[in-house]
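Q: Below: one structure in structure tokens.
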Amino acid sequence: MDILLKGGRVVDPASGTDTTADILIKGGKIAQAGREIKAAGAKQVDCKGRIVLPGLIDVHTHFRQPGREDEETFVTGSRAALKGGFTSVLCMANTNPVIDNKGLVEYVYAEADKAGLINIYTAAAVTKGLEGKELTEIGQMAAAGARALSDDGKPVMNAEILRRAMEYAKMFGLPVISHCEDANLSKNGVMNEGALSTRLGLKGIPRASETVMVIRDIEIAQLTGAKLHIAHVSAKESIEALRQAKNRKVKVTCETCPHYFTLTEEAVLGYNTGAKVNPPLRTKEDVEAVKKGLSDGTIDVISTDHAPHSAEEKDVEFDFASTGMIGLEFAASLVNSELVKGGVLGWKEVAQKMSVNPAALLGLKGKGSLSEGSDADVTVFDPGAEWTVEAARIESKSKNTPLIGKKLSGLAVITIVGGKIRYENGKFA
């Protein structure tokens, strides 16, 4: 069925559009964008007062399939994505087994097709088993559809191995997504190192654990000329290093996540394991640095690092709890609450960081735009909606978030994937 989105504020940086307009969708594509479009027989959707964006793309998720389907599956993860306004996601390779060969890359796409709700892509591991010792068969996995290389969850500590991975990645046009953490500096750490960690009696992780690896990886990227993408930036010194690298024209991009511009280490008080993430939540100073990095363009992408964990893995002593929190269902609302309403970003910049730049990073042709002929992946967002995070209404199979009970501003109300309305006003098609 054809769909006509009427009277929304259409924000499409790819075509330079930010105006009240209609969008006509036909045959899974954007057929027309403009004022007062007529389309007999099309399903008309009133978008007045709402923001119409190119479908949001998350370049950093963990759907846990294969191996931990008790935490998340392609189906449950897709439902969480749809509710949050995401039409495409990139899954990381740290599943069980690790996505480190052609057959497992093919498995991801076969299972994603069965789920059939959103566009699911996969990263492939840099090293076999994420062990940091031996490179994977990068060419074979690229041919099977891997969109990036990453050992996310673990750093590639051996600089020579990372160099060779970048050289191969460059040959196949893939970005290397780097989890920047010096495993020796952060060993046994469970939260940000500082006065609060001392007070709580918890071993800290210094900001330097992230920053020294950011600097190292930038130098390797400059050496190889490969595309480097730094995952989940959290520390002010890391952001400054990235700012300087970009001024030197190094091929580096980076991302941050909503929890790094909304929460500080104070969220850990009470030994709240829902706030245990890696890299850890930092200080107010770091939060402000992240916001500045977003505002001045140093930080290219907003991702979620959606990391589901079972209650059994979180409802334990803080030292032993798994790291990570879910994020797909809350990201756009937090961006609206903290960045748009806070004057840090406008909607054009939000679309750039949550759709246009992610599509470019992963080489997703036809994505990240609402221009004529583009894939009809569309997010309709109501910036005025108010809602409260309730565990019972979370679509993810896991509920690990420190946001339970928090009031958020703004909500994805319609998510269209491939020209089909998959989610509308709280209901799934």
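By order in the structure tokens, chains are A, B, ...; within a chain, residues start at 1; ligands start at 1, following the order shown.
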Would you return as a VMD selection string the members of range 164-296 of chain A that DSSP assigns to strand (DSSP E) on this structure's backbone?
A: chain A and resid 176 to 178 191 to 192 204 to 205 228 to 230 252 to 256
Q: Tell me, as a PDB file with C-alpha atoms, in the first residue's frame, which residues lie within 10 Å of Tyr260 in chain A, counting only C-alpha atoms; anything in the same chain fewer than 6 positions away does not count.
A:
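Printed below is out14.pdb as written:
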ATOM      1  CA  HIS A 232      31.476   4.635  22.743  1.00  0.00           C
ATOM      2  CA  VAL A 233      33.681   7.648  23.480  1.00  0.00           C
ATOM      3  CA  SER A 234      33.258   8.744  27.098  1.00  0.00           C
ATOM      4  CA  ALA A 235      36.311  10.711  28.269  1.00  0.00           C
ATOM      5  CA  PRO A 279      33.541   2.297  29.402  1.00  0.00           C
ATOM      6  CA  PRO A 280      32.122   3.421  32.726  1.00  0.00           C
ATOM      7  CA  LEU A 281      29.929   6.440  33.326  1.00  0.00           C
ATOM      8  CA  ARG A 282      32.248   9.372  33.941  1.00  0.00           C
ATOM      9  CA  THR A 283      32.059  12.800  35.618  1.00  0.00           C
ATOM     10  CA  LYS A 284      29.973  15.884  34.910  1.00  0.00           C
ATOM     11  CA  ASP A 286      33.149  14.428  30.818  1.00  0.00           C
ATOM     12  CA  VAL A 287      29.423  14.752  30.101  1.00  0.00           C
ATOM     13  CA  GLU A 288      29.965  18.386  29.159  1.00  0.00           C
ATOM     14  CA  ALA A 289      32.937  17.411  26.966  1.00  0.00           C
ATOM     15  CA  VAL A 290      30.762  14.828  25.173  1.00  0.00           C
ATOM     16  CA  LYS A 291      28.106  17.466  24.543  1.00  0.00           C
TER      17      LYS A 291
END
Q: Counting only C-alpha atoms, what is within 9 Å of range 161-178 of chain A, bar same-chain residues fewer than 5 positions away, as a VMD selection string?
A: chain A and resid 123 126 to 127 132 to 136 138 to 139 142 to 143 146 to 152 154 to 156 214 217 220 to 221 223 to 231 254 361 to 363
Q: Write out as a list in words the set of residues from range 114-180 of chain A that DSSP, computed on the backbone, places in alpha helix (DSSP H).
A: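 Residues meeting the alpha helix (DSSP H) criterion: Lys114, Ala115, Ile138, Gly139, Gln140, Met141, Ala142, Ala143, Ala159, Glu160, Ile161, Leu162, Arg163, Arg164, Ala165, Met166, Glu167, Tyr168, Ala169, Lys170 and Met171 of chain A.
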Q: Keeping C-alpha atoms, export the residues of the selection given above as a compact mmCIF listing (two decimals), in the first residue's frame.
A:
# COMPACT_ATOMS: atom_id res chain seq x y z
CA LYS A 114 13.45 -14.73 9.14
CA ALA A 115 12.79 -12.03 11.72
CA ILE A 138 38.48 -10.77 6.48
CA GLY A 139 37.98 -11.06 2.72
CA GLN A 140 35.61 -14.00 3.01
CA MET A 141 33.51 -12.27 5.67
CA ALA A 142 33.40 -9.05 3.65
CA ALA A 143 32.15 -11.05 0.66
CA ALA A 159 49.18 -3.05 17.90
CA GLU A 160 50.79 -5.09 15.12
CA ILE A 161 47.68 -7.25 14.75
CA LEU A 162 45.49 -4.15 14.64
CA ARG A 163 47.76 -2.64 11.99
CA ARG A 164 47.42 -5.69 9.76
CA ALA A 165 43.66 -5.77 10.33
CA MET A 166 43.41 -2.15 9.23
CA GLU A 167 45.46 -2.85 6.12
CA TYR A 168 43.16 -5.72 5.14
CA ALA A 169 40.07 -3.72 6.06
CA LYS A 170 41.23 -0.93 3.75
CA MET A 171 41.50 -3.43 0.87
Q: Quick one: residues within 8 Å of Leu185 in chain A, only C-alpha atoms counted, chain neighbours fewer than 3 positions away excluded, as a list of chain:residue names?
A: A:Asp182, A:Ile205, A:Pro206, A:Ala208, A:Ser209
Q: Next, write the just-selected residues to a file, as a short mmCIF file (atom, residue, chain, number, x, y, z; two decimals), in the first residue's frame, keeping N, CA and C atoms as the atom set.
A:
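Printed below is part-v7.cif as written:
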data_model
loop_
_atom_site.label_atom_id
_atom_site.label_comp_id
_atom_site.auth_asym_id
_atom_site.auth_seq_id
_atom_site.Cartn_x
_atom_site.Cartn_y
_atom_site.Cartn_z
N ASP A 182 42.69 0.07 27.43
CA ASP A 182 43.92 -0.61 27.81
C ASP A 182 43.57 -1.61 28.91
N ILE A 205 38.35 2.53 36.99
CA ILE A 205 38.94 2.50 35.66
C ILE A 205 39.28 3.95 35.29
N PRO A 206 40.58 4.27 35.12
CA PRO A 206 40.94 5.65 34.80
C PRO A 206 40.55 6.04 33.38
N ALA A 208 42.38 7.43 31.39
CA ALA A 208 43.54 7.15 30.56
C ALA A 208 43.45 5.78 29.89
N SER A 209 42.72 4.85 30.51
CA SER A 209 42.55 3.52 29.90
C SER A 209 41.94 3.63 28.52
#
Q: Need to verify the contact set: Asp18 in chain A, 9 Å, only C-alpha atoms, exclusion of same-chain residues closer than 6 positions in sequence. Can you return it as a list of chain:residue names?
A: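 Contacts, with the query itself left out: A:Arg9, A:Val10, A:Val11, A:Asp12, A:Trp347, A:Lys348.
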Q: Pick out the closest residue to Ala21 in chain A from this set: A:Leu370, A:Val268, A:Leu242, A:Met325. Count only C-alpha atoms.
A: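 Among the listed residues, the smallest separation from Ala21 in chain A belongs to A:Leu370.
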Q: Report as a PyMOL selection string all protein, DNA and RNA residues lying within 7 Å of range 73-89 of chain A, evaluated on only C-alpha atoms, omitting residues in the same chain fewer than 6 positions from it.
A: chain A and resi 55-59+61+63-65+112+115+117-121+328-332+377+379+395-397+412+415+417+423
Q: Excluding same-chain residues fewer than 5 positions from Gly366 in chain A, what lies within 9 Å of it counting only C-alpha atoms, as a ChimeraX atom specification?
A: /A:359,373-376
Q: If you keep all heavy atoms, can you produce a file of those selected residues as a PDB file, in the first residue's frame?
A:
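The resulting file, result-v1.pdb, is reproduced below:
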ATOM      1  N   ALA A 359      24.834   5.689   7.964  1.00  0.00           N
ATOM      2  CA  ALA A 359      24.694   5.078   6.639  1.00  0.00           C
ATOM      3  C   ALA A 359      25.993   5.184   5.860  1.00  0.00           C
ATOM      4  O   ALA A 359      26.427   4.232   5.188  1.00  0.00           O
ATOM      5  CB  ALA A 359      23.553   5.738   5.866  1.00  0.00           C
ATOM      6  N   GLY A 373      13.740   8.351  -4.561  1.00  0.00           N
ATOM      7  CA  GLY A 373      14.482   7.154  -4.954  1.00  0.00           C
ATOM      8  C   GLY A 373      15.169   6.439  -3.815  1.00  0.00           C
ATOM      9  O   GLY A 373      15.627   5.305  -3.972  1.00  0.00           O
ATOM     10  N   SER A 374      15.241   7.089  -2.641  1.00  0.00           N
ATOM     11  CA  SER A 374      15.850   6.444  -1.480  1.00  0.00           C
ATOM     12  C   SER A 374      14.937   5.351  -0.923  1.00  0.00           C
ATOM     13  O   SER A 374      13.731   5.357  -1.160  1.00  0.00           O
ATOM     14  CB  SER A 374      16.122   7.474  -0.380  1.00  0.00           C
ATOM     15  OG  SER A 374      17.026   8.458  -0.810  1.00  0.00           O
ATOM     16  N   ASP A 375      15.524   4.426  -0.179  1.00  0.00           N
ATOM     17  CA  ASP A 375      14.723   3.407   0.497  1.00  0.00           C
ATOM     18  C   ASP A 375      13.757   4.084   1.467  1.00  0.00           C
ATOM     19  O   ASP A 375      14.137   5.033   2.170  1.00  0.00           O
ATOM     20  CB  ASP A 375      15.623   2.445   1.275  1.00  0.00           C
ATOM     21  CG  ASP A 375      16.501   1.602   0.361  1.00  0.00           C
ATOM     22  OD1 ASP A 375      16.229   1.558  -0.846  1.00  0.00           O
ATOM     23  OD2 ASP A 375      17.474   1.008   0.869  1.00  0.00           O
ATOM     24  N   ALA A 376      12.538   3.603   1.509  1.00  0.00           N
ATOM     25  CA  ALA A 376      11.523   4.214   2.369  1.00  0.00           C
ATOM     26  C   ALA A 376      11.649   3.702   3.800  1.00  0.00           C
ATOM     27  O   ALA A 376      10.791   2.983   4.321  1.00  0.00           O
ATOM     28  CB  ALA A 376      10.130   3.952   1.811  1.00  0.00           C
TER      29      ALA A 376
END
